[in-house]
Amino acid sequence: MPVDICSQPHNLHSSRSGTTDTLNSLSLSSVLPPTDSDLHHTKHNMNKLCRQVSIESPGPGAKNCVFNFFVPIEDTPALGARIRIVCAGACYRRRDRSNSITSMSSVSSDLSDYCPSVNSMSSPAHQGIREGSFFPGFEVAGVIEALGSDVTETTNCGLRIGQRVIVYPFDETPAGYAELLVVPDLKHIVPIPDSLPMEVAAMLPTGALLAMNAVFKAQAVVTQILAQRASSDQKKNCKILIVGTGGLALWAVRIASYHFALAGADNVDITVASLRDEGFRLATEIKNVSVVQWNECLYEPQLIERTKDVCGGAVDVVIDFGTTSRSLHRSMHCLSKGGVVLISEEVAEKLLPKFSRLSNEYQQEITPISNGTAEQLAELVELVASKKIEPPPHSVFPCEQAAEVIQKLCNSEIPGRAILRFHDIE
């Protein structure tokens, strides 16, 4: 079994026997790999170890969900690279979710469905159960520490040792909550400029990229709607409702504001439905965006009526980053006939079967949104690095404080995103 990072940071656990081997005089520096000059085009000693943090979905009282491992350092893939992780976005997955590249981000307004009543949850740490889905960490930024033995000047994709990069979350992405991460193909690595802070870069590969792809899908729907209205109701604006004021929604509203302004789409109105008081304040700071608060103390008809009043009627497109049936049901009642709701692919797995009949009855479409492409991620890097799109609020914590961070996230004590720092290179 693994060791709690807060109580026994220098123990190595054997998953087969369940016994504990103490590594005498083991320190963080002693388990790190050799220098860059020693690593390029060389095999690695599998006896060397690096630290890995496991963040599981919180158990009772949001405790005992963060553990520390020392794991063997993997060989650098022949055509890939090994990355020394500097920052990683704090996230974790519900225990009943399969492992996929879209992890739940550390967003206070998105955590309610992922921090249910602690009495209803049992911790795998207590049961001795451990599986890949409990090792998230797909939002990582770091530096290239080694390139594969078959990488040449003509096949290195312009990458070099020591370069600052982020990793596009490909299938079978390994855990990012380790000091080192191997990437099998250089096409999954996106370089970042020196002007982009590592903690900001770490937010881009999943949350921001998913938000960007959702905005692009929304634009396609908006373009089609406006074309249909061109002959009959040309002056009527197209209305977009973005649900949630966690990291995903805050990224989406920033990207949408920039994107539609750049396209000269002055006939698009954007409204944010805030799920929390703090999110309401954050959303109101964004220019040319209306905000409606979804106060859960109100009855559903009141919330729907309030939303339509702020939006000026039923909306045409909803980007719903909520994770519950209640959120989607409310979104559909705010949507016009023939409208489209965009939800993440992962949430769609759970919600689509429940709402297929209702969507047909309302003549509405529920469209799953994938995480986006590596090319979109490179574009997003340029937009954020050039400050054309400002990142949402975020806080940086040493990785040793991961347990405390998860506790604070579940209590909605951290605004925006939480970033874990593994190394300090800046």
# chains A, B, ... in the order shown; residues from 1 in each chain; ligands from 1
>>> select_by_dssp(residues="segment 196-410 of chain A", states="helix (DSSP H, G or I)", output="number ranges by chain")
A: 198-201, 204-229, 247-262, 277-284, 300-311, 325-333, 345-362, 374-385, 399-410
>>> residues_around(residues="Ile144 of chain A", least_positions_apart="2", cutoff="10 Å", atoms="only C-alpha atoms", output="ChimeraX atom specification")
/A:36,81-85,141-142,146-147,159-166,180-182,189,191
>>> write_last_selection(atoms="N, CA and C atoms", output="PDB file, in the first residue's frame")
ATOM      1  N   ASP A  36      21.311  16.670 -17.508  1.00  0.00           N
ATOM      2  CA  ASP A  36      20.889  16.591 -18.900  1.00  0.00           C
ATOM      3  C   ASP A  36      21.953  15.937 -19.778  1.00  0.00           C
ATOM      4  N   ALA A  81      10.262  11.392 -25.538  1.00  0.00           N
ATOM      5  CA  ALA A  81      11.022  12.256 -24.645  1.00  0.00           C
ATOM      6  C   ALA A  81      10.612  12.002 -23.210  1.00  0.00           C
ATOM      7  N   ARG A  82      11.429  12.480 -22.298  1.00  0.00           N
ATOM      8  CA  ARG A  82      11.079  12.447 -20.892  1.00  0.00           C
ATOM      9  C   ARG A  82      11.048  13.880 -20.379  1.00  0.00           C
ATOM     10  N   ILE A  83       9.972  14.194 -19.646  1.00  0.00           N
ATOM     11  CA  ILE A  83       9.737  15.559 -19.200  1.00  0.00           C
ATOM     12  C   ILE A  83       9.910  15.636 -17.683  1.00  0.00           C
ATOM     13  N   ARG A  84      10.646  16.629 -17.234  1.00  0.00           N
ATOM     14  CA  ARG A  84      10.701  16.915 -15.806  1.00  0.00           C
ATOM     15  C   ARG A  84       9.555  17.872 -15.486  1.00  0.00           C
ATOM     16  N   ILE A  85       8.605  17.408 -14.688  1.00  0.00           N
ATOM     17  CA  ILE A  85       7.406  18.189 -14.397  1.00  0.00           C
ATOM     18  C   ILE A  85       7.743  19.332 -13.448  1.00  0.00           C
ATOM     19  N   ALA A 141       3.145  20.998 -17.073  1.00  0.00           N
ATOM     20  CA  ALA A 141       4.121  21.821 -17.773  1.00  0.00           C
ATOM     21  C   ALA A 141       5.487  21.513 -17.181  1.00  0.00           C
ATOM     22  N   GLY A 142       6.489  21.478 -18.028  1.00  0.00           N
ATOM     23  CA  GLY A 142       7.825  21.160 -17.534  1.00  0.00           C
ATOM     24  C   GLY A 142       8.885  21.434 -18.577  1.00  0.00           C
ATOM     25  N   ALA A 146      15.191  14.562 -21.460  1.00  0.00           N
ATOM     26  CA  ALA A 146      15.901  13.621 -22.319  1.00  0.00           C
ATOM     27  C   ALA A 146      15.101  13.368 -23.583  1.00  0.00           C
ATOM     28  N   LEU A 147      15.814  13.134 -24.684  1.00  0.00           N
ATOM     29  CA  LEU A 147      15.198  12.737 -25.941  1.00  0.00           C
ATOM     30  C   LEU A 147      15.564  11.291 -26.236  1.00  0.00           C
ATOM     31  N   LEU A 159      12.303  20.296 -31.177  1.00  0.00           N
ATOM     32  CA  LEU A 159      12.421  20.242 -29.722  1.00  0.00           C
ATOM     33  C   LEU A 159      13.856  19.962 -29.304  1.00  0.00           C
ATOM     34  N   ARG A 160      14.204  20.367 -28.110  1.00  0.00           N
ATOM     35  CA  ARG A 160      15.562  20.188 -27.613  1.00  0.00           C
ATOM     36  C   ARG A 160      15.536  19.962 -26.102  1.00  0.00           C
ATOM     37  N   ILE A 161      16.599  19.416 -25.575  1.00  0.00           N
ATOM     38  CA  ILE A 161      16.716  19.223 -24.132  1.00  0.00           C
ATOM     39  C   ILE A 161      16.755  20.588 -23.441  1.00  0.00           C
ATOM     40  N   GLY A 162      16.019  20.693 -22.351  1.00  0.00           N
ATOM     41  CA  GLY A 162      15.948  21.947 -21.614  1.00  0.00           C
ATOM     42  C   GLY A 162      14.820  22.860 -22.058  1.00  0.00           C
ATOM     43  N   GLN A 163      14.106  22.481 -23.118  1.00  0.00           N
ATOM     44  CA  GLN A 163      13.030  23.331 -23.631  1.00  0.00           C
ATOM     45  C   GLN A 163      11.796  23.242 -22.748  1.00  0.00           C
ATOM     46  N   ARG A 164      11.121  24.376 -22.566  1.00  0.00           N
ATOM     47  CA  ARG A 164       9.878  24.447 -21.793  1.00  0.00           C
ATOM     48  C   ARG A 164       8.725  23.943 -22.655  1.00  0.00           C
ATOM     49  N   VAL A 165       7.916  23.036 -22.100  1.00  0.00           N
ATOM     50  CA  VAL A 165       6.863  22.410 -22.898  1.00  0.00           C
ATOM     51  C   VAL A 165       5.648  22.095 -22.029  1.00  0.00           C
ATOM     52  N   ILE A 166       4.525  21.830 -22.715  1.00  0.00           N
ATOM     53  CA  ILE A 166       3.365  21.188 -22.108  1.00  0.00           C
ATOM     54  C   ILE A 166       3.073  19.932 -22.917  1.00  0.00           C
ATOM     55  N   LEU A 180       8.719  13.028 -13.076  1.00  0.00           N
ATOM     56  CA  LEU A 180       9.120  12.766 -14.457  1.00  0.00           C
ATOM     57  C   LEU A 180       7.961  12.124 -15.210  1.00  0.00           C
ATOM     58  N   LEU A 181       7.846  12.453 -16.501  1.00  0.00           N
ATOM     59  CA  LEU A 181       6.773  11.936 -17.343  1.00  0.00           C
ATOM     60  C   LEU A 181       7.359  11.552 -18.694  1.00  0.00           C
ATOM     61  N   VAL A 182       7.103  10.317 -19.139  1.00  0.00           N
ATOM     62  CA  VAL A 182       7.587   9.895 -20.447  1.00  0.00           C
ATOM     63  C   VAL A 182       6.490  10.082 -21.482  1.00  0.00           C
ATOM     64  N   ILE A 189       3.978  16.758 -27.737  1.00  0.00           N
ATOM     65  CA  ILE A 189       4.650  17.798 -26.955  1.00  0.00           C
ATOM     66  C   ILE A 189       4.488  19.142 -27.640  1.00  0.00           C
ATOM     67  N   PRO A 191       5.679  23.100 -27.442  1.00  0.00           N
ATOM     68  CA  PRO A 191       6.603  24.044 -26.798  1.00  0.00           C
ATOM     69  C   PRO A 191       5.878  25.292 -26.313  1.00  0.00           C
TER      70      PRO A 191
END
>>> closest_residue(among="A:Leu358, A:Leu420, A:Leu275, A:Leu226", to="Leu250 of chain A", atoms="only C-alpha atoms")
A:Leu275
>>> residues_around(residues="Gln219 of chain A", least_positions_apart="2", cutoff="12 Å", atoms="only C-alpha atoms", output="JSON, numbers by chain")
{"A": [212, 213, 214, 215, 216, 217, 221, 222, 223, 224, 225, 226, 238, 239, 240, 255, 256, 257, 259, 260, 261, 263, 265, 268, 270, 316, 317, 318, 319, 340, 342]}
>>> residues_around(residues="segment 373-375 of chain A", least_positions_apart="2", cutoff="9 Å", atoms="only C-alpha atoms", output="list in words")
Val167, Tyr168, Pro169, Lys187, His188, Ile189, Val190, Pro205, Leu209, Asn213, Ser370, Asn371, Leu377, Ala378, Glu379 and Leu380 of chain A
>>> atom_distance(atom1="atom CA of Gly207 of chain A", atom2="atom CA of Pro415 of chain A")
15.3 Å
>>> atom_distance(atom1="atom CA of Glu145 of chain A", atom2="atom CA of Met198 of chain A")
15.7 Å
>>> atom_distance(atom1="atom CA of Val310 of chain A", atom2="atom CA of Ile242 of chain A")
12.8 Å
>>> residues_around(residues="Ala201 of chain A", least_positions_apart="6", cutoff="9 Å", atoms="only C-alpha atoms", output="VMD selection string")
chain A and resid 87 139 to 141 165 to 166 192 381 384 to 385
>>> select_by_dssp(residues="segment 219-267 of chain A", states="strand (DSSP E)", output="list in words")
Cys238, Lys239, Ile240, Leu241, Ile242 and Val243 of chain A
>>> closest_residue(among="A:Glu199, A:Asp194, A:Asp269, A:Glu300", to="Ser395 of chain A", atoms="only C-alpha atoms")
A:Glu199
